[in-house]
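Trainee: entry11.csv is reproduced below (CSV, C-alpha atoms and all ligand atoms).
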```csv
chain,number,residue,atom,x,y,z
A,2,ALA,CA,-20.7,24.3,-64.3
A,3,ALA,CA,-23.2,27.0,-63.4
A,4,VAL,CA,-20.9,28.4,-60.8
A,5,ARG,CA,-18.0,28.3,-63.2
A,6,GLY,CA,-20.2,30.1,-65.8
A,7,LEU,CA,-21.1,32.7,-63.2
A,8,SER,CA,-17.5,33.4,-62.2
A,9,THR,CA,-16.5,33.8,-65.9
A,10,THR,CA,-19.2,36.4,-66.3
A,11,ALA,CA,-18.1,38.2,-63.2
A,12,GLN,CA,-14.5,38.2,-64.4
A,13,LEU,CA,-15.4,39.6,-67.8
A,14,SER,CA,-17.7,42.3,-66.5
A,15,LYS,CA,-15.0,43.6,-64.2
A,16,ILE,CA,-14.2,46.7,-66.2
A,17,ASN,CA,-15.8,49.6,-64.4
A,18,ASN,CA,-13.1,52.3,-64.3
A,19,VAL,CA,-11.6,53.4,-67.6
A,20,THR,CA,-8.8,55.9,-67.9
A,21,ILE,CA,-8.2,57.5,-71.3
A,22,ILE,CA,-4.9,59.3,-71.8
A,23,GLY,CA,-5.0,61.9,-74.6
A,24,ALA,CA,-8.0,64.2,-74.8
A,25,GLY,CA,-7.8,64.9,-78.5
A,26,LEU,CA,-10.1,63.9,-81.3
A,27,MET,CA,-10.0,60.2,-80.5
A,28,GLY,CA,-9.7,60.4,-76.7
A,29,SER,CA,-12.7,62.6,-76.3
A,30,GLY,CA,-14.8,60.2,-78.5
A,31,ILE,CA,-13.7,57.2,-76.6
A,32,ALA,CA,-14.5,58.9,-73.3
A,33,GLN,CA,-18.0,59.8,-74.6
A,34,VAL,CA,-18.9,56.2,-75.7
A,35,SER,CA,-17.4,54.7,-72.4
A,36,ALA,CA,-19.4,57.1,-70.2
A,37,ASN,CA,-22.5,56.6,-72.2
A,38,ALA,CA,-22.1,52.8,-71.4
A,39,LYS,CA,-22.2,53.7,-67.7
A,40,LEU,CA,-18.5,53.2,-67.1
A,41,ASN,CA,-16.6,55.6,-64.8
A,42,VAL,CA,-14.3,57.6,-67.0
A,43,THR,CA,-11.2,59.6,-66.3
A,44,VAL,CA,-9.7,61.6,-69.2
A,45,VAL,CA,-6.0,62.7,-68.8
A,46,ASP,CA,-4.1,65.1,-71.0
A,47,SER,CA,-0.8,67.0,-70.4
A,48,ASN,CA,-2.5,70.1,-71.8
A,49,GLN,CA,-5.3,71.7,-69.7
A,50,SER,CA,-6.7,73.5,-72.8
A,51,ALA,CA,-7.1,70.1,-74.6
A,52,LEU,CA,-9.2,68.9,-71.6
A,53,ASP,CA,-11.3,72.1,-71.8
A,54,LYS,CA,-11.8,71.6,-75.5
A,55,ALA,CA,-12.7,67.9,-75.0
A,56,GLN,CA,-15.3,68.8,-72.3
A,57,LYS,CA,-16.9,71.2,-74.8
A,58,GLY,CA,-16.7,68.8,-77.7
A,59,ILE,CA,-18.3,65.9,-75.7
A,60,THR,CA,-21.0,68.2,-74.4
A,61,SER,CA,-22.1,69.4,-77.9
A,62,SER,CA,-21.9,65.9,-79.3
A,63,LEU,CA,-24.1,64.6,-76.5
A,64,GLN,CA,-26.5,67.5,-77.0
A,65,ARG,CA,-26.9,66.5,-80.7
A,66,VAL,CA,-27.6,62.9,-79.6
A,67,ALA,CA,-30.1,64.1,-76.9
A,68,LYS,CA,-32.0,66.3,-79.4
A,69,LYS,CA,-32.4,63.4,-81.7
A,70,LYS,CA,-33.5,61.0,-79.0
A,71,HIS,CA,-35.9,63.4,-77.1
A,72,ALA,CA,-36.9,65.9,-79.7
A,73,GLU,CA,-39.8,67.4,-77.8
A,74,ASP,CA,-38.5,67.1,-74.3
A,75,ALA,CA,-35.9,69.6,-73.1
A,76,ALA,CA,-35.7,68.2,-69.6
A,77,ALA,CA,-35.0,64.7,-70.9
A,78,GLN,CA,-32.3,66.2,-73.1
A,79,THR,CA,-30.6,67.9,-70.2
A,80,ALA,CA,-30.9,64.8,-68.1
A,81,LEU,CA,-29.3,62.6,-70.7
A,82,VAL,CA,-26.4,65.0,-71.3
A,83,SER,CA,-25.6,65.5,-67.6
A,84,SER,CA,-25.9,61.8,-66.8
A,85,VAL,CA,-23.1,61.0,-69.2
A,86,LEU,CA,-21.0,64.1,-68.3
A,87,ASP,CA,-21.3,63.2,-64.6
A,88,ARG,CA,-19.4,60.0,-65.3
A,89,ILE,CA,-16.4,61.8,-66.8
A,90,LYS,CA,-13.6,63.3,-64.7
A,91,MET,CA,-10.7,65.3,-66.2
A,92,SER,CA,-7.1,65.4,-65.0
A,93,THR,CA,-3.6,66.4,-66.0
A,94,ASN,CA,-2.0,63.8,-63.7
A,95,VAL,CA,-1.3,60.4,-65.2
A,96,SER,CA,-0.2,58.5,-62.1
A,97,ASP,CA,-3.2,59.6,-60.0
A,98,SER,CA,-5.6,58.8,-62.8
A,99,VAL,CA,-4.6,55.3,-63.5
A,100,LYS,CA,-4.4,54.1,-59.8
A,101,ASP,CA,-8.0,52.8,-59.8
A,102,ALA,CA,-8.3,52.0,-63.5
A,103,ASP,CA,-9.4,48.6,-64.7
A,104,LEU,CA,-8.6,49.6,-68.3
A,105,VAL,CA,-6.2,52.3,-69.6
A,106,ILE,CA,-6.6,53.4,-73.2
A,107,GLU,CA,-3.8,55.5,-74.6
A,108,ALA,CA,-4.8,58.0,-77.4
A,109,ILE,CA,-1.9,60.5,-77.3
A,110,VAL,CA,0.3,61.7,-80.2
A,111,GLU,CA,1.5,59.0,-82.6
A,112,ASN,CA,5.1,59.0,-81.5
A,113,ILE,CA,6.9,55.8,-80.3
A,114,ASP,CA,9.2,57.4,-77.8
A,115,ILE,CA,6.5,59.5,-76.1
A,116,LYS,CA,4.2,56.5,-76.0
A,117,ARG,CA,6.9,54.2,-74.4
A,118,LYS,CA,7.6,56.8,-71.8
A,119,LEU,CA,3.9,57.1,-70.9
A,120,PHE,CA,3.5,53.4,-70.7
A,121,ALA,CA,6.3,53.1,-68.2
A,122,GLU,CA,4.6,55.7,-66.0
A,123,VAL,CA,1.2,53.9,-66.4
A,124,GLU,CA,2.6,50.5,-65.5
A,125,ALA,CA,4.4,51.8,-62.5
A,126,ALA,CA,1.2,53.5,-61.1
A,127,ALA,CA,-1.5,51.1,-62.1
A,128,LYS,CA,-2.8,48.0,-60.3
A,129,PRO,CA,-1.2,44.6,-61.4
A,130,THR,CA,-4.5,43.6,-63.0
A,131,THR,CA,-5.1,46.8,-65.0
A,132,LEU,CA,-5.4,46.2,-68.8
A,133,ILE,CA,-3.2,48.6,-70.7
A,134,THR,CA,-4.1,49.4,-74.3
A,135,THR,CA,-3.2,51.7,-77.2
A,136,ASN,CA,-5.4,53.3,-79.9
A,137,THR,CA,-2.4,53.5,-82.3
A,138,SER,CA,-3.2,53.5,-86.0
A,139,SER,CA,0.2,52.7,-87.5
A,140,LEU,CA,2.7,51.7,-84.9
A,141,ARG,CA,3.5,48.1,-83.8
A,142,LEU,CA,2.3,47.1,-80.4
A,143,ALA,CA,5.5,45.1,-80.0
A,144,ASP,CA,7.4,48.3,-80.3
A,145,ILE,CA,5.2,50.5,-78.2
A,146,GLY,CA,5.1,47.9,-75.4
A,147,LEU,CA,8.7,46.9,-75.6
A,148,ASN,CA,9.6,48.0,-72.1
A,149,LEU,CA,6.4,46.8,-70.3
A,150,LYS,CA,7.3,44.3,-67.6
A,151,ASP,CA,4.0,42.5,-68.0
A,152,LYS,CA,3.0,42.3,-71.7
A,153,THR,CA,0.2,39.8,-71.1
A,154,ARG,CA,-2.2,42.7,-70.1
A,155,PHE,CA,-1.3,44.8,-73.1
A,156,GLY,CA,-3.3,45.0,-76.3
A,157,GLY,CA,-4.8,47.4,-78.9
A,158,LEU,CA,-8.2,49.0,-79.1
A,159,HIS,CA,-8.3,50.8,-82.4
A,160,PHE,CA,-11.3,53.1,-82.7
A,161,PHE,CA,-12.4,55.0,-85.8
A,162,ASN,CA,-13.1,58.7,-86.2
A,163,PRO,CA,-15.7,60.0,-85.3
A,164,VAL,CA,-15.8,57.5,-82.4
A,165,PRO,CA,-19.5,57.9,-81.4
A,166,MET,CA,-20.6,57.3,-85.0
A,167,MET,CA,-18.3,54.6,-86.3
A,168,LYS,CA,-19.5,51.2,-85.3
A,169,LEU,CA,-16.2,49.3,-85.6
A,170,LEU,CA,-13.6,48.5,-83.0
A,171,GLU,CA,-10.4,46.6,-84.0
A,172,VAL,CA,-9.2,44.6,-81.0
A,173,VAL,CA,-5.5,43.9,-81.5
A,174,ARG,CA,-3.5,41.1,-79.8
A,175,HIS,CA,0.2,40.9,-80.1
A,176,ASN,CA,2.3,37.8,-79.4
A,177,ASP,CA,2.1,38.2,-75.6
A,178,THR,CA,-1.5,39.4,-75.1
A,179,SER,CA,-3.2,36.8,-72.9
A,180,ASP,CA,-6.5,35.2,-73.8
A,181,ASP,CA,-8.1,36.7,-70.7
A,182,THR,CA,-6.9,40.2,-71.7
A,183,PHE,CA,-8.1,39.7,-75.2
A,184,ASN,CA,-11.5,38.5,-74.1
A,185,LYS,CA,-12.0,41.4,-71.7
A,186,LEU,CA,-11.1,43.9,-74.5
A,187,MET,CA,-13.7,42.3,-76.8
A,188,GLU,CA,-16.2,42.5,-74.0
A,189,TYR,CA,-15.4,46.1,-73.4
A,190,GLY,CA,-16.0,46.8,-77.1
A,191,LYS,CA,-19.4,45.3,-76.9
A,192,THR,CA,-20.2,47.2,-73.7
A,193,VAL,CA,-19.5,50.5,-75.5
A,194,GLY,CA,-21.7,49.4,-78.4
A,195,LYS,CA,-19.1,48.6,-81.0
A,196,THR,CA,-18.8,45.6,-83.3
A,197,THR,CA,-15.5,44.1,-82.6
A,198,VAL,CA,-13.1,42.3,-84.9
A,199,ALA,CA,-9.9,40.5,-83.9
A,200,CYS,CA,-6.6,41.6,-85.5
A,201,LYS,CA,-3.0,40.7,-85.1
A,202,ASP,CA,-0.2,43.1,-84.6
A,203,THR,CA,0.4,43.8,-88.3
A,204,PRO,CA,0.8,47.2,-90.1
A,205,GLY,CA,-2.6,48.9,-90.2
A,206,PHE,CA,-4.5,45.9,-88.7
A,207,ILE,CA,-7.4,45.3,-91.1
A,208,VAL,CA,-9.0,48.6,-92.1
A,209,ASN,CA,-5.9,50.7,-92.6
A,210,ARG,CA,-3.9,47.9,-94.2
A,211,LEU,CA,-6.4,47.9,-97.0
A,212,LEU,CA,-7.4,51.5,-97.0
A,213,VAL,CA,-4.1,53.3,-96.9
A,214,PRO,CA,-2.5,51.4,-99.9
A,215,TYR,CA,-5.8,51.9,-101.8
A,216,MET,CA,-5.5,55.7,-101.3
A,217,PHE,CA,-1.9,55.6,-102.5
A,218,GLU,CA,-2.9,53.4,-105.5
A,219,ALA,CA,-5.4,56.1,-106.5
A,220,LEU,CA,-2.6,58.7,-106.3
A,221,ARG,CA,-0.4,56.6,-108.6
A,222,LEU,CA,-3.3,56.2,-111.0
A,223,TYR,CA,-3.6,60.0,-111.1
A,224,GLU,CA,0.2,60.6,-111.2
A,225,ARG,CA,0.4,58.3,-114.3
A,226,GLY,CA,-2.2,60.6,-116.0
A,227,ASP,CA,-4.7,57.7,-116.3
A,228,ALA,CA,-7.7,59.6,-114.8
A,229,SER,CA,-8.5,62.9,-113.1
A,230,MET,CA,-9.0,63.2,-109.3
A,231,PRO,CA,-12.7,64.0,-109.5
A,232,ASP,CA,-13.3,61.1,-111.9
A,233,ILE,CA,-11.5,58.7,-109.6
A,234,ASP,CA,-13.6,59.9,-106.7
A,235,VAL,CA,-16.8,59.7,-108.6
A,236,ALA,CA,-15.9,56.3,-109.9
A,237,MET,CA,-15.3,54.8,-106.5
A,238,LYS,CA,-18.4,56.4,-105.0
A,239,LEU,CA,-20.8,55.2,-107.8
A,240,GLY,CA,-19.0,52.1,-108.9
A,241,ALA,CA,-17.8,50.7,-105.6
A,242,GLY,CA,-20.4,52.3,-103.3
A,243,TYR,CA,-17.9,54.0,-101.1
A,244,PRO,CA,-19.3,57.1,-99.3
A,245,MET,CA,-16.2,59.1,-100.2
A,246,GLY,CA,-13.7,58.8,-103.0
A,247,PRO,CA,-10.0,58.2,-102.2
A,248,PHE,CA,-9.0,61.9,-102.6
A,249,GLU,CA,-11.9,63.1,-100.5
A,250,LEU,CA,-11.1,60.6,-97.9
A,251,SER,CA,-7.4,61.5,-97.8
A,252,ASP,CA,-8.3,65.2,-97.4
A,253,TYR,CA,-10.7,64.2,-94.6
A,254,VAL,CA,-8.1,62.0,-92.8
A,255,GLY,CA,-5.3,64.6,-93.4
A,256,LEU,CA,-2.5,64.3,-96.0
A,257,ASP,CA,0.2,64.6,-93.3
A,258,THR,CA,-1.4,61.7,-91.4
A,259,CYS,CA,-1.5,59.6,-94.7
A,260,LYS,CA,2.2,60.5,-95.3
A,261,PHE,CA,3.2,59.7,-91.8
A,262,ILE,CA,1.6,56.3,-91.8
A,263,MET,CA,3.1,55.3,-95.2
A,264,ASP,CA,6.6,56.6,-94.5
A,265,GLY,CA,6.6,54.6,-91.3
A,266,TRP,CA,5.6,51.4,-93.0
A,267,HIS,CA,7.9,52.0,-96.0
A,268,LYS,CA,10.8,52.4,-93.6
A,269,GLN,CA,9.9,49.1,-91.9
A,270,TYR,CA,9.1,47.2,-95.1
A,271,PRO,CA,11.2,48.9,-97.9
A,272,ASP,CA,10.5,46.0,-100.4
A,273,GLU,CA,6.7,46.1,-100.0
A,274,VAL,CA,5.4,47.8,-103.2
A,275,ALA,CA,2.0,48.6,-101.6
A,276,PHE,CA,3.8,50.8,-99.1
A,277,LYS,CA,5.6,53.0,-101.7
A,278,PRO,CA,5.4,56.8,-100.9
A,279,SER,CA,4.0,59.3,-103.4
A,280,PRO,CA,6.0,62.3,-104.6
A,281,LEU,CA,2.8,64.3,-105.2
A,282,LEU,CA,1.6,63.7,-101.7
A,283,ASP,CA,5.0,64.6,-100.3
A,284,SER,CA,5.0,67.9,-102.2
A,285,LEU,CA,1.5,68.9,-101.0
A,286,VAL,CA,2.4,68.2,-97.4
A,287,ASP,CA,5.7,70.2,-97.8
A,288,ALA,CA,3.6,73.1,-99.0
A,289,GLY,CA,1.4,72.9,-95.9
A,290,LYS,CA,-1.6,71.6,-97.9
A,291,THR,CA,-2.7,68.9,-95.5
A,292,GLY,CA,-6.4,68.6,-96.5
A,293,ARG,CA,-9.6,69.9,-95.0
A,294,LYS,CA,-8.0,71.1,-91.8
A,295,SER,CA,-5.7,73.5,-93.6
A,296,GLY,CA,-8.3,74.6,-96.2
A,297,GLU,CA,-6.6,72.8,-99.1
A,298,GLY,CA,-5.3,69.3,-99.9
A,299,PHE,CA,-6.2,67.6,-103.1
A,300,TYR,CA,-9.2,69.9,-103.2
A,301,LYS,CA,-9.8,73.4,-101.9
A,302,TYR,CA,-12.2,74.0,-99.0
A,303,LYS,CA,-13.8,77.2,-97.8
B,1,LIG,P1,-4.9,64.6,-81.2
B,1,LIG,O1,-3.7,65.3,-81.6
B,1,LIG,O2,-6.2,65.1,-81.5
B,1,LIG,O3,-4.8,64.4,-79.6
B,1,LIG,C1,-3.7,63.9,-78.9
B,1,LIG,C2,-3.8,64.5,-77.5
B,1,LIG,O4,-2.7,63.9,-76.7
B,1,LIG,C3,-3.5,66.0,-77.4
B,1,LIG,O5,-4.6,66.6,-76.7
B,1,LIG,C4,-2.2,66.1,-76.6
B,1,LIG,O6,-2.2,67.3,-75.7
B,1,LIG,C5,-2.2,64.8,-75.8
B,1,LIG,N1,-0.9,64.4,-75.4
B,1,LIG,C6,0.3,64.3,-76.1
B,1,LIG,N2,1.3,63.7,-75.4
B,1,LIG,C7,0.8,63.4,-74.2
B,1,LIG,C8,1.3,62.9,-73.0
B,1,LIG,N3,2.6,62.4,-73.0
B,1,LIG,N4,0.5,62.7,-72.0
B,1,LIG,C9,-0.8,63.1,-72.0
B,1,LIG,N5,-1.4,63.7,-73.1
B,1,LIG,C10,-0.6,63.8,-74.2
B,1,LIG,O7,-4.7,63.1,-81.7
B,1,LIG,P2,-5.8,62.0,-82.2
B,1,LIG,O8,-6.1,62.2,-83.6
B,1,LIG,O9,-6.8,61.9,-81.2
B,1,LIG,O10,-4.9,60.6,-82.2
B,1,LIG,C11,-4.5,60.0,-81.0
B,1,LIG,C12,-4.1,58.6,-81.2
B,1,LIG,O11,-5.1,57.9,-81.9
B,1,LIG,C13,-2.8,58.5,-82.2
B,1,LIG,O12,-2.1,57.4,-81.7
B,1,LIG,C14,-3.5,58.2,-83.5
B,1,LIG,O13,-2.6,57.4,-84.3
B,1,LIG,C15,-4.7,57.3,-83.1
B,1,LIG,N6,-5.8,57.3,-84.0
B,1,LIG,C16,-6.2,58.5,-84.7
B,1,LIG,C17,-7.3,58.4,-85.6
B,1,LIG,C18,-7.8,59.6,-86.3
B,1,LIG,O14,-8.6,59.5,-87.2
B,1,LIG,N7,-7.3,60.8,-85.9
B,1,LIG,C19,-8.0,57.2,-85.8
B,1,LIG,C20,-7.6,56.0,-85.0
B,1,LIG,C21,-6.5,56.1,-84.2
```
In structure tokens, what does this structure look like?
Ligand code: NAI
Mentor:
Amino acid sequence: AAVRGLSTTAQLSKINNVTIIGAGLMGSGIAQVSANAKLNVTVVDSNQSALDKAQKGITSSLQRVAKKKHAEDAAAQTALVSSVLDRIKMSTNVSDSVKDADLVIEAIVENIDIKRKLFAEVEAAAKPTTLITTNTSSLRLADIGLNLKDKTRFGGLHFFNPVPMMKLLEVVRHNDTSDDTFNKLMEYGKTVGKTTVACKDTPGFIVNRLLVPYMFEALRLYERGDASMPDIDVAMKLGAGYPMGPFELSDYVGLDTCKFIMDGWHKQYPDEVAFKPSPLLDSLVDAGKTGRKSGEGFYKYK
């Protein structure tokens, strides 16, 4: 039994090399937490300037962490930052970068056709044991992985923004994800310091399935004229203990992202009332008011 126990541990701790595809907001955060957990990380992006930006973003995020941890010790700060950065390689070549990967995490644009094309390339170049995952927020794993030859090694790792701060990781299994794959993904989540929850391949998994309809319900409350936006935000902060109200949160996430998610679900489940689009949100997005990032959404930002 001891030997069997040992071999299970060895199997589970096998993830050493992680390749993250997409060096945007999410990919760079996932790279940082993975390298911080002493894994060997390769970050891939089709766009060299995205890689340069990720390198800068990870460096300044690590500097903040190092300053907090070693307030009085500049040498220790530098050592911490470079020990993590040294574990991260950057590349623009997908096939080369997944050859030695034990785990691939896709965090590219939320587009089903582009993701499918990428996964075909990944599966063709990766080892037959490599775990292949997506960080999708709103697409079905069954759709993204439709053309994979081996679907047993495919699953979801849904991180939250900002990745280094947010403690949760949703580990998603679709119908064909094997127990071994699922267990290894859960283990990876713990390795990178996250609390893991198990989800099925359903719209929005757990968090977004509850949060996105809640944000739209707040909009409907406002659209009916039942309460003002600031009052709804204050009410949810002080009455429900949420750190942000629904309109503040929507502006933070991006109104275009909220609309994109809801439109996709509405198309797939036209009878689900919780997935009904909002005319007000549509008109704001049409006018380019996408939230904090554009300077205006529900509120104006400087
Ligand atoms: P982003 O736009 O910041 O970054 C995407 C990156 O992917 C860009 O740097 C782009 O150059 C690169 N890219 C696009 N197509 C590529 C390809 N074919 N090969 C290689 N690189 C490619 O996007 P973000 O926000 O990081 O989102 C990435 C994924 O994570 C999406 O699936 C999104 O739904 C999901 N997600 C986003 C969250 C968020 O709060 N932004 C939260 C959780 C998941």
Trainee: With a distance cut-off of 9 Å and only C-alpha atoms, select the neighbouring residues of Pro204 of chain A, excluding the residue or stretch itself and same-chain residues fewer than 6 positions from it, and output the selection as JSON, numbers by chain.
Mentor: {"A": [138, 139, 140, 141, 210, 266]}
Trainee: Would you work out the distance separating atom CA of His175 of chain A from atom C6 of ligand LIG 1 (chain B), expressed in Å to one decimal?
Mentor: 23.7 Å
Trainee: How close does chain A get to ligand LIG 1 (chain B)? List, as JSON lines, each residue of chain A within 6 Å, its nearest atom pair and the distance in Å to one decimal, counting all atoms listed in the file.
Mentor:
```
{"residue": "A:Ile22", "atom": "CA", "partner": "B:LIG1", "partner_atom": "C9", "distance": 5.6}
{"residue": "A:Gly23", "atom": "CA", "partner": "B:LIG1", "partner_atom": "O4", "distance": 3.7}
{"residue": "A:Ala24", "atom": "CA", "partner": "B:LIG1", "partner_atom": "O5", "distance": 4.6}
{"residue": "A:Gly25", "atom": "CA", "partner": "B:LIG1", "partner_atom": "O3", "distance": 3.2}
{"residue": "A:Leu26", "atom": "CA", "partner": "B:LIG1", "partner_atom": "O9", "distance": 3.9}
{"residue": "A:Met27", "atom": "CA", "partner": "B:LIG1", "partner_atom": "O9", "distance": 3.7}
{"residue": "A:Gly28", "atom": "CA", "partner": "B:LIG1", "partner_atom": "O9", "distance": 5.6}
{"residue": "A:Asp46", "atom": "CA", "partner": "B:LIG1", "partner_atom": "N5", "distance": 3.7}
{"residue": "A:Ser47", "atom": "CA", "partner": "B:LIG1", "partner_atom": "C9", "distance": 4.2}
{"residue": "A:Asn48", "atom": "CA", "partner": "B:LIG1", "partner_atom": "O6", "distance": 4.8}
{"residue": "A:Ala51", "atom": "CA", "partner": "B:LIG1", "partner_atom": "O5", "distance": 4.8}
{"residue": "A:Ala108", "atom": "CA", "partner": "B:LIG1", "partner_atom": "C12", "distance": 3.9}
{"residue": "A:Ile109", "atom": "CA", "partner": "B:LIG1", "partner_atom": "O4", "distance": 3.5}
{"residue": "A:Val110", "atom": "CA", "partner": "B:LIG1", "partner_atom": "C1", "distance": 4.7}
{"residue": "A:Glu111", "atom": "CA", "partner": "B:LIG1", "partner_atom": "O12", "distance": 4.0}
{"residue": "A:Ile115", "atom": "CA", "partner": "B:LIG1", "partner_atom": "N3", "distance": 5.8}
{"residue": "A:Leu119", "atom": "CA", "partner": "B:LIG1", "partner_atom": "N3", "distance": 5.8}
{"residue": "A:Asn136", "atom": "CA", "partner": "B:LIG1", "partner_atom": "O11", "distance": 5.0}
{"residue": "A:Thr137", "atom": "CA", "partner": "B:LIG1", "partner_atom": "O12", "distance": 4.0}
{"residue": "A:Ser138", "atom": "CA", "partner": "B:LIG1", "partner_atom": "O13", "distance": 4.3}
{"residue": "A:His159", "atom": "CA", "partner": "B:LIG1", "partner_atom": "C20", "distance": 5.9}
{"residue": "A:Phe160", "atom": "CA", "partner": "B:LIG1", "partner_atom": "C20", "distance": 5.2}
{"residue": "A:Phe161", "atom": "CA", "partner": "B:LIG1", "partner_atom": "C19", "distance": 4.9}
{"residue": "A:Asn162", "atom": "CA", "partner": "B:LIG1", "partner_atom": "O14", "distance": 4.7}
```
Trainee: With C-alpha atoms kept, could you save the residues just selected as a PDB file, in the coordinates of the input?
Mentor:
```pdb
ATOM      1  CA  ILE A  22      -4.900  59.300 -71.800  1.00  0.00           C
ATOM      2  CA  GLY A  23      -5.000  61.900 -74.600  1.00  0.00           C
ATOM      3  CA  ALA A  24      -8.000  64.200 -74.800  1.00  0.00           C
ATOM      4  CA  GLY A  25      -7.800  64.900 -78.500  1.00  0.00           C
ATOM      5  CA  LEU A  26     -10.100  63.900 -81.300  1.00  0.00           C
ATOM      6  CA  MET A  27     -10.000  60.200 -80.500  1.00  0.00           C
ATOM      7  CA  GLY A  28      -9.700  60.400 -76.700  1.00  0.00           C
ATOM      8  CA  ASP A  46      -4.100  65.100 -71.000  1.00  0.00           C
ATOM      9  CA  SER A  47      -0.800  67.000 -70.400  1.00  0.00           C
ATOM     10  CA  ASN A  48      -2.500  70.100 -71.800  1.00  0.00           C
ATOM     11  CA  ALA A  51      -7.100  70.100 -74.600  1.00  0.00           C
ATOM     12  CA  ALA A 108      -4.800  58.000 -77.400  1.00  0.00           C
ATOM     13  CA  ILE A 109      -1.900  60.500 -77.300  1.00  0.00           C
ATOM     14  CA  VAL A 110       0.300  61.700 -80.200  1.00  0.00           C
ATOM     15  CA  GLU A 111       1.500  59.000 -82.600  1.00  0.00           C
ATOM     16  CA  ILE A 115       6.500  59.500 -76.100  1.00  0.00           C
ATOM     17  CA  LEU A 119       3.900  57.100 -70.900  1.00  0.00           C
ATOM     18  CA  ASN A 136      -5.400  53.300 -79.900  1.00  0.00           C
ATOM     19  CA  THR A 137      -2.400  53.500 -82.300  1.00  0.00           C
ATOM     20  CA  SER A 138      -3.200  53.500 -86.000  1.00  0.00           C
ATOM     21  CA  HIS A 159      -8.300  50.800 -82.400  1.00  0.00           C
ATOM     22  CA  PHE A 160     -11.300  53.100 -82.700  1.00  0.00           C
ATOM     23  CA  PHE A 161     -12.400  55.000 -85.800  1.00  0.00           C
ATOM     24  CA  ASN A 162     -13.100  58.700 -86.200  1.00  0.00           C
TER      25      ASN A 162
END
```
Trainee: Pick the closest to Thr60 of chain A from A:Asp103, A:Asp87, A:Thr131, A:Ala288: which is it, counting only C-alpha atoms?
Mentor: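 Using only C-alpha atoms, Thr60 of chain A sits closest to A:Asp87.
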Trainee: Identify, on the basis of only C-alpha atoms, every residue whose closest approach to Ile16 of chain A does not exceed 8 Å; exclude the query and any residue fewer than 6 positions from it along the same chain; express the result as a PyMOL selection string.
Mentor: chain A and resi 40+103-104+185+189
Trainee: Using only C-alpha atoms, which residues sit within 10 Å of Asn176 of chain A once same-chain residues fewer than 3 positions away are excluded, as a PyMOL selection string?
Mentor: chain A and resi 142-143+152-153+156+179+201-202
Trainee: Here is a test: counting all atoms listed in the file, which residue of A:Lys294, A:Thr192, A:Glu171, A:Asn184 is nearest to Ala36 of chain A?
Mentor: A:Thr192
Trainee: When you draw a straight line from atom CA of Val105 of chain A to atom CA of Val85 of chain A, how long is it in Å?
Mentor: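 If I compute the distance from atom CA of Val105 of chain A to atom CA of Val85 of chain A, I get 19.0 Å.
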Trainee: Find the spatial neighbours of segment 73-84 of chain A, counting all atoms listed in the file, within a cut-off of 9 Å - ignore same-chain residues fewer than 2 positions away - and output them as a list in words.
Mentor: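 What passes the distance filter is Ala36, Asn37, Lys39, Thr60, Leu63, Gln64, Val66, Ala67, Lys68, Lys70, His71, Leu86, Asp87 and Arg88 of chain A.
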Trainee: With C-alpha atoms retained, write the just-selected residues as a short mmCIF file (atom, residue, chain, number, x, y, z; two decimals), in the coordinates of the input.
Mentor:
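File written: selection.cif
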```
data_model
loop_
_atom_site.label_atom_id
_atom_site.label_comp_id
_atom_site.auth_asym_id
_atom_site.auth_seq_id
_atom_site.Cartn_x
_atom_site.Cartn_y
_atom_site.Cartn_z
CA ALA A 36 -19.40 57.10 -70.20
CA ASN A 37 -22.50 56.60 -72.20
CA LYS A 39 -22.20 53.70 -67.70
CA THR A 60 -21.00 68.20 -74.40
CA LEU A 63 -24.10 64.60 -76.50
CA GLN A 64 -26.50 67.50 -77.00
CA VAL A 66 -27.60 62.90 -79.60
CA ALA A 67 -30.10 64.10 -76.90
CA LYS A 68 -32.00 66.30 -79.40
CA LYS A 70 -33.50 61.00 -79.00
CA HIS A 71 -35.90 63.40 -77.10
CA LEU A 86 -21.00 64.10 -68.30
CA ASP A 87 -21.30 63.20 -64.60
CA ARG A 88 -19.40 60.00 -65.30
#
```
Trainee: With only C-alpha atoms as the atoms that count, which of A:Val45, A:Ala236, A:Met166, A:Val254 lies nearest to Val193 of chain A?
Mentor: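 Ranking A:Val45, A:Ala236, A:Met166, A:Val254 by distance to Val193 of chain A, first place goes to A:Met166.
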Trainee: Work out how far apart atom CA of Val164 of chain A and atom CA of Gly30 of chain A are and give it in Å to one decimal.
Mentor: 4.8 Å
Trainee: Using all atoms listed in the file, find the one residue out of A:Val19, A:Ala32, A:Ala275, A:Ala125 that sits nearest to Arg221 of chain A.
Mentor: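 Result for the nearest residue to Arg221 of chain A: A:Ala275.
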Trainee: Can you tell me, as a count of residues only, which residues sit within 9 Å of (-3.0, 67.8, -94.8) in the file's frame, using all atoms listed in the file?
Mentor: 23
